[in-house]
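Have a look at upload06.pdb; it's PDB, C-alpha atoms:
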```pdb
ATOM      1  CA  MET O   1      36.085  11.249  36.864  1.00  0.00           C
ATOM      2  CA  THR O   2      33.805  12.223  39.708  1.00  0.00           C
ATOM      3  CA  ARG O   3      31.659  15.317  39.419  1.00  0.00           C
ATOM      4  CA  THR O   4      29.061  16.978  41.633  1.00  0.00           C
ATOM      5  CA  LEU O   5      25.508  16.589  40.390  1.00  0.00           C
ATOM      6  CA  HIS O   6      23.407  19.552  41.459  1.00  0.00           C
ATOM      7  CA  TYR O   7      20.039  20.350  39.894  1.00  0.00           C
ATOM      8  CA  THR O   8      18.570  23.819  39.675  1.00  0.00           C
ATOM      9  CA  GLU O   9      14.928  24.606  39.054  1.00  0.00           C
ATOM     10  CA  GLN O  10      15.870  25.771  35.554  1.00  0.00           C
ATOM     11  CA  ASP O  11      17.655  22.445  34.872  1.00  0.00           C
ATOM     12  CA  LEU O  12      14.436  20.620  35.634  1.00  0.00           C
ATOM     13  CA  ILE O  13      12.389  22.971  33.428  1.00  0.00           C
ATOM     14  CA  ASP O  14      14.870  22.522  30.564  1.00  0.00           C
ATOM     15  CA  ALA O  15      14.801  18.738  31.015  1.00  0.00           C
ATOM     16  CA  GLN O  16      10.996  18.556  31.031  1.00  0.00           C
ATOM     17  CA  ARG O  17      10.777  20.742  27.930  1.00  0.00           C
ATOM     18  CA  LEU O  18      13.336  18.586  26.126  1.00  0.00           C
ATOM     19  CA  HIS O  19      11.564  15.404  27.221  1.00  0.00           C
ATOM     20  CA  ALA O  20       8.276  16.762  25.826  1.00  0.00           C
ATOM     21  CA  VAL O  21       9.726  17.319  22.344  1.00  0.00           C
ATOM     22  CA  PRO O  22       8.597  14.396  20.192  1.00  0.00           C
ATOM     23  CA  GLY O  23      11.126  12.383  18.261  1.00  0.00           C
ATOM     24  CA  PRO O  24      11.595  12.881  14.531  1.00  0.00           C
ATOM     25  CA  THR O  25       9.384   9.924  13.585  1.00  0.00           C
ATOM     26  CA  LEU O  26       6.405  11.213  15.555  1.00  0.00           C
ATOM     27  CA  ARG O  27       6.916  14.744  14.225  1.00  0.00           C
ATOM     28  CA  LYS O  28       6.892  13.434  10.637  1.00  0.00           C
ATOM     29  CA  LEU O  29       3.809  11.309  11.311  1.00  0.00           C
ATOM     30  CA  VAL O  30       1.826  14.178  12.852  1.00  0.00           C
ATOM     31  CA  SER O  31       2.926  16.577  10.118  1.00  0.00           C
ATOM     32  CA  GLY O  32       1.953  14.063   7.439  1.00  0.00           C
ATOM     33  CA  ILE O  33      -1.485  13.470   8.939  1.00  0.00           C
ATOM     34  CA  PHE O  34      -2.052  17.220   9.284  1.00  0.00           C
ATOM     35  CA  ILE O  35      -1.083  17.810   5.638  1.00  0.00           C
ATOM     36  CA  LEU O  36      -3.284  14.954   4.409  1.00  0.00           C
ATOM     37  CA  VAL O  37      -6.293  16.283   6.324  1.00  0.00           C
ATOM     38  CA  MET O  38      -5.731  19.800   4.997  1.00  0.00           C
ATOM     39  CA  VAL O  39      -5.331  18.529   1.418  1.00  0.00           C
ATOM     40  CA  TYR O  40      -8.520  16.479   1.743  1.00  0.00           C
ATOM     41  CA  TYR O  41     -10.524  19.442   2.997  1.00  0.00           C
ATOM     42  CA  ALA O  42      -9.012  21.716   0.370  1.00  0.00           C
ATOM     43  CA  GLN O  43     -10.027  19.325  -2.439  1.00  0.00           C
ATOM     44  CA  THR O  44     -13.564  18.954  -1.149  1.00  0.00           C
ATOM     45  CA  ASP O  45     -13.966  22.739  -0.876  1.00  0.00           C
ATOM     46  CA  GLN O  46     -14.754  22.317   2.806  1.00  0.00           C
ATOM     47  CA  LEU O  47     -11.620  24.103   3.912  1.00  0.00           C
ATOM     48  CA  THR O  48     -12.190  27.760   4.445  1.00  0.00           C
ATOM     49  CA  ASN O  49      -9.465  30.247   5.179  1.00  0.00           C
ATOM     50  CA  THR O  50     -10.967  30.749   8.620  1.00  0.00           C
ATOM     51  CA  LEU O  51     -10.840  27.027   9.438  1.00  0.00           C
ATOM     52  CA  PHE O  52      -7.287  26.714   8.178  1.00  0.00           C
ATOM     53  CA  LEU O  53      -6.104  29.801  10.047  1.00  0.00           C
ATOM     54  CA  GLY O  54      -7.971  28.755  13.202  1.00  0.00           C
ATOM     55  CA  THR O  55      -6.367  25.312  13.103  1.00  0.00           C
ATOM     56  CA  ILE O  56      -2.871  26.735  12.730  1.00  0.00           C
ATOM     57  CA  ILE O  57      -3.414  29.327  15.474  1.00  0.00           C
ATOM     58  CA  GLY O  58      -4.860  26.660  17.769  1.00  0.00           C
ATOM     59  CA  LEU O  59      -1.924  24.286  17.271  1.00  0.00           C
ATOM     60  CA  VAL O  60       0.683  26.995  17.749  1.00  0.00           C
ATOM     61  CA  SER O  61      -1.149  28.320  20.820  1.00  0.00           C
ATOM     62  CA  TRP O  62      -1.304  24.859  22.388  1.00  0.00           C
ATOM     63  CA  VAL O  63       2.426  24.293  21.881  1.00  0.00           C
ATOM     64  CA  MET O  64       3.227  27.722  23.330  1.00  0.00           C
ATOM     65  CA  ILE O  65       0.977  27.151  26.352  1.00  0.00           C
ATOM     66  CA  GLN O  66       2.617  23.759  26.935  1.00  0.00           C
ATOM     67  CA  PHE O  67       6.207  24.951  26.661  1.00  0.00           C
ATOM     68  CA  LEU O  68       5.897  28.429  28.164  1.00  0.00           C
ATOM     69  CA  ILE O  69       3.358  27.881  30.950  1.00  0.00           C
ATOM     70  CA  LEU O  70       2.379  24.293  31.783  1.00  0.00           C
ATOM     71  CA  ILE O  71       5.747  22.515  31.639  1.00  0.00           C
ATOM     72  CA  PRO O  72       7.605  25.198  33.643  1.00  0.00           C
ATOM     73  CA  GLN O  73       4.802  25.337  36.226  1.00  0.00           C
ATOM     74  CA  GLN O  74       4.798  21.553  36.690  1.00  0.00           C
ATOM     75  CA  ALA O  75       8.606  21.435  36.862  1.00  0.00           C
ATOM     76  CA  ARG O  76       8.711  24.189  39.494  1.00  0.00           C
ATOM     77  CA  GLN O  77       6.119  22.368  41.594  1.00  0.00           C
ATOM     78  CA  LEU O  78       8.070  19.120  41.312  1.00  0.00           C
ATOM     79  CA  TYR O  79      11.313  20.868  42.246  1.00  0.00           C
ATOM     80  CA  GLN O  80       9.730  22.426  45.339  1.00  0.00           C
ATOM     81  CA  ARG O  81       7.962  19.202  46.375  1.00  0.00           C
ATOM     82  CA  ASP O  82      10.783  16.689  45.805  1.00  0.00           C
ATOM     83  CA  THR O  83      13.628  17.461  48.193  1.00  0.00           C
ATOM     84  CA  SER O  84      15.854  14.809  46.607  1.00  0.00           C
ATOM     85  CA  LEU O  85      16.186  17.079  43.565  1.00  0.00           C
ATOM     86  CA  ARG O  86      17.868  19.706  45.707  1.00  0.00           C
ATOM     87  CA  ARG O  87      20.367  17.360  47.375  1.00  0.00           C
ATOM     88  CA  LYS O  88      23.919  17.302  46.195  1.00  0.00           C
ATOM     89  CA  GLN O  89      24.911  14.082  44.513  1.00  0.00           C
ATOM     90  CA  SER O  90      28.014  12.919  42.767  1.00  0.00           C
ATOM     91  CA  PHE O  91      28.403  11.027  39.549  1.00  0.00           C
ATOM     92  CA  ARG O  92      31.222   9.370  37.719  1.00  0.00           C
ATOM     93  CA  TRP O  93      31.552   7.468  34.511  1.00  0.00           C
ATOM     94  CA  ASP O  94      33.880   5.075  32.788  1.00  0.00           C
ATOM     95  CA  GLU O  95      33.650   2.907  29.690  1.00  0.00           C
ATOM     96  CA  GLU O  96      31.228   0.512  31.419  1.00  0.00           C
ATOM     97  CA  GLN O  97      28.716   2.625  33.344  1.00  0.00           C
ATOM     98  CA  ILE O  98      27.556   5.819  34.986  1.00  0.00           C
ATOM     99  CA  SER O  99      27.455   5.759  38.794  1.00  0.00           C
ATOM    100  CA  ILE O 100      25.334   8.232  40.743  1.00  0.00           C
ATOM    101  CA  HIS O 101      25.792   8.527  44.520  1.00  0.00           C
ATOM    102  CA  ALA O 102      23.821  10.446  47.126  1.00  0.00           C
ATOM    103  CA  GLU O 103      23.905  10.300  50.925  1.00  0.00           C
ATOM    104  CA  ASP O 104      21.648   7.273  51.131  1.00  0.00           C
ATOM    105  CA  THR O 105      21.540   5.779  47.634  1.00  0.00           C
ATOM    106  CA  ALA O 106      23.681   4.628  44.767  1.00  0.00           C
ATOM    107  CA  HIS O 107      22.493   4.061  41.231  1.00  0.00           C
ATOM    108  CA  HIS O 108      24.427   2.526  38.353  1.00  0.00           C
ATOM    109  CA  ILE O 109      23.492   2.714  34.681  1.00  0.00           C
ATOM    110  CA  ALA O 110      25.341   0.428  32.309  1.00  0.00           C
ATOM    111  CA  TRP O 111      25.987   2.202  29.016  1.00  0.00           C
ATOM    112  CA  ARG O 112      24.585  -0.825  27.174  1.00  0.00           C
ATOM    113  CA  ASN O 113      21.206  -0.127  28.860  1.00  0.00           C
ATOM    114  CA  VAL O 114      21.000   3.418  27.516  1.00  0.00           C
ATOM    115  CA  LYS O 115      18.276   3.471  24.871  1.00  0.00           C
ATOM    116  CA  GLN O 116      18.350   7.117  23.848  1.00  0.00           C
ATOM    117  CA  ILE O 117      19.983  10.452  24.576  1.00  0.00           C
ATOM    118  CA  LYS O 118      18.498  13.904  24.141  1.00  0.00           C
ATOM    119  CA  GLU O 119      20.641  16.999  24.353  1.00  0.00           C
ATOM    120  CA  SER O 120      19.960  20.700  24.550  1.00  0.00           C
ATOM    121  CA  ALA O 121      22.255  23.645  25.160  1.00  0.00           C
ATOM    122  CA  SER O 122      21.946  23.143  28.926  1.00  0.00           C
ATOM    123  CA  VAL O 123      21.130  19.482  29.689  1.00  0.00           C
ATOM    124  CA  LEU O 124      21.702  15.876  28.680  1.00  0.00           C
ATOM    125  CA  LEU O 125      18.932  13.334  29.173  1.00  0.00           C
ATOM    126  CA  ILE O 126      19.984   9.683  29.308  1.00  0.00           C
ATOM    127  CA  TYR O 127      17.035   7.322  28.716  1.00  0.00           C
ATOM    128  CA  GLN O 128      16.845   3.735  29.932  1.00  0.00           C
ATOM    129  CA  ASP O 129      13.377   3.388  28.391  1.00  0.00           C
ATOM    130  CA  THR O 130      10.950   5.746  26.656  1.00  0.00           C
ATOM    131  CA  ASN O 131       9.769   7.537  29.815  1.00  0.00           C
ATOM    132  CA  HIS O 132      12.597   7.189  32.343  1.00  0.00           C
ATOM    133  CA  PHE O 133      15.573   9.471  32.011  1.00  0.00           C
ATOM    134  CA  ASN O 134      18.457  10.653  34.138  1.00  0.00           C
ATOM    135  CA  LEU O 135      19.249  14.345  33.988  1.00  0.00           C
ATOM    136  CA  PHE O 136      22.810  15.579  33.634  1.00  0.00           C
ATOM    137  CA  PRO O 137      23.035  19.381  33.547  1.00  0.00           C
ATOM    138  CA  LYS O 138      25.978  20.556  31.482  1.00  0.00           C
ATOM    139  CA  HIS O 139      27.045  22.976  34.219  1.00  0.00           C
ATOM    140  CA  CYS O 140      28.025  19.910  36.284  1.00  0.00           C
ATOM    141  CA  PHE O 141      30.869  19.197  33.861  1.00  0.00           C
ATOM    142  CA  ASN O 142      34.089  21.213  34.037  1.00  0.00           C
ATOM    143  CA  ASN O 143      34.293  21.885  30.305  1.00  0.00           C
ATOM    144  CA  GLN O 144      33.160  20.791  26.862  1.00  0.00           C
ATOM    145  CA  ALA O 145      35.906  18.152  26.707  1.00  0.00           C
ATOM    146  CA  GLU O 146      34.327  16.380  29.708  1.00  0.00           C
ATOM    147  CA  ILE O 147      30.903  16.504  28.070  1.00  0.00           C
ATOM    148  CA  ASP O 148      32.420  15.005  24.916  1.00  0.00           C
ATOM    149  CA  SER O 149      34.153  12.294  26.982  1.00  0.00           C
ATOM    150  CA  PHE O 150      30.821  11.475  28.674  1.00  0.00           C
ATOM    151  CA  LYS O 151      28.971  11.315  25.341  1.00  0.00           C
ATOM    152  CA  ALA O 152      31.727   9.200  23.791  1.00  0.00           C
ATOM    153  CA  CYS O 153      30.770   6.372  26.160  1.00  0.00           C
ATOM    154  CA  LEU O 154      27.239   6.245  24.796  1.00  0.00           C
ATOM    155  CA  PRO O 155      26.315   3.239  22.676  1.00  0.00           C
ATOM    156  CA  LYS O 156      26.403   3.972  18.978  1.00  0.00           C
ATOM    157  CA  PRO O 157      22.991   3.777  17.228  1.00  0.00           C
TER
END
```
Written as structure tokens, how would this file's structure read?
Amino acid sequence: MTRTLHYTEQDLIDAQRLHAVPGPTLRKLVSGIFILVMVYYAQTDQLTNTLFLGTIIGLVSWVMIQFLILIPQQARQLYQRDTSLRRKQSFRWDEEQISIHAEDTAHHIAWRNVKQIKESASVLLIYQDTNHFNLFPKHCFNNQAEIDSFKACLPKP
């Protein structure tokens, strides 16, 4: 199946936001460390309500600033600067690989080299290592059955 791969600015924002979400192991680790620190301070009577509330407000504010301001701003700048993101490409997949073709390049990703997938309501990110992903907006597929067919080729964990 060959499909047109066309990125919008919003696709890139959605992909960068999804990429920034830590995996479940890191989330558990950070949460555990945060709870241990709070328990320690609570037991030593060094934790005041103001400190606790300030810490929570600070963490929530930082996450909101990241996801609502910084990530979208950086993604918009990247989209405007990198003309290759606005070029039409095509992609196809079979049981062996994904093939991506543009006017002057071709890129093939063997399914066995896919290390991770992240999915949101609007995009699929296919990782070949921890920091390199290929973006597949769901609007590039004709229907949910095609998305399911694409995901069925992914290596099982």
*How would you write, as a ChimeraX atom specification, the residues chosen by the PyMOL selection byres ((chain O and resi 137) around 9) on this structure?*
/O:5-8,11-12,15,122-125,135-136,138-141
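Comparing O:Arg76, O:Arg17, O:Phe91, O:Phe67 by their smallest distance to Thr4 in chain O, the closest is O:Phe91 (using all atoms listed in the file).
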*Can you list, as a PyMOL selection string, every protein, DNA or RNA residue that comes within 12 Å of Asp104 in chain O when you count only C-alpha atoms, leaving out same-chain residues fewer than 2 positions away?*
chain O and resi 84+87-90+100-102+106-107
*CA of Ile109 in chain O and CA of Phe150 in chain O are how many Å apart?*
12.9 Å
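Minimum atom-to-atom distances from O:Arg3, O:Lys28, O:Lys151, O:Arg86 to Glu119 in chain O were compared using all atoms listed in the file, and the lowest value belongs to O:Lys151.
The space between CA of Gln16 in chain O and CA of Ile71 in chain O spans 6.6 Å.
The shortest atom-to-atom distance to Ile126 in chain O, with all atoms listed in the file taken into account, belongs to O:His19 out of O:His19, O:Val63, O:Asp82, O:Leu36.
Taking CA of Asn113 in chain O as the reference point, CA of Ile13 in chain O is found at 25.1 Å.
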*asked:* Translate the PyMOL selection byres ((chain O and resi 98) around 8) into a concrete residue list for this structure, as a PyMOL selection string.
replied: chain O and resi 91-94+96-97+99-100+108-111
*Kindly indicate which residue among O:Tyr127, O:Phe133, O:Phe34, O:Tyr79 lies nearest to Thr55 in chain O, using all atoms listed in the file for the distances.*
O:Phe34
*Taking (22.1, 6.5, 17.9) in the file's own coordinates, collect the residues within 10 Å, counting only C-alpha atoms, and hand them back as number ranges by chain.*
O: 115-117, 154-157
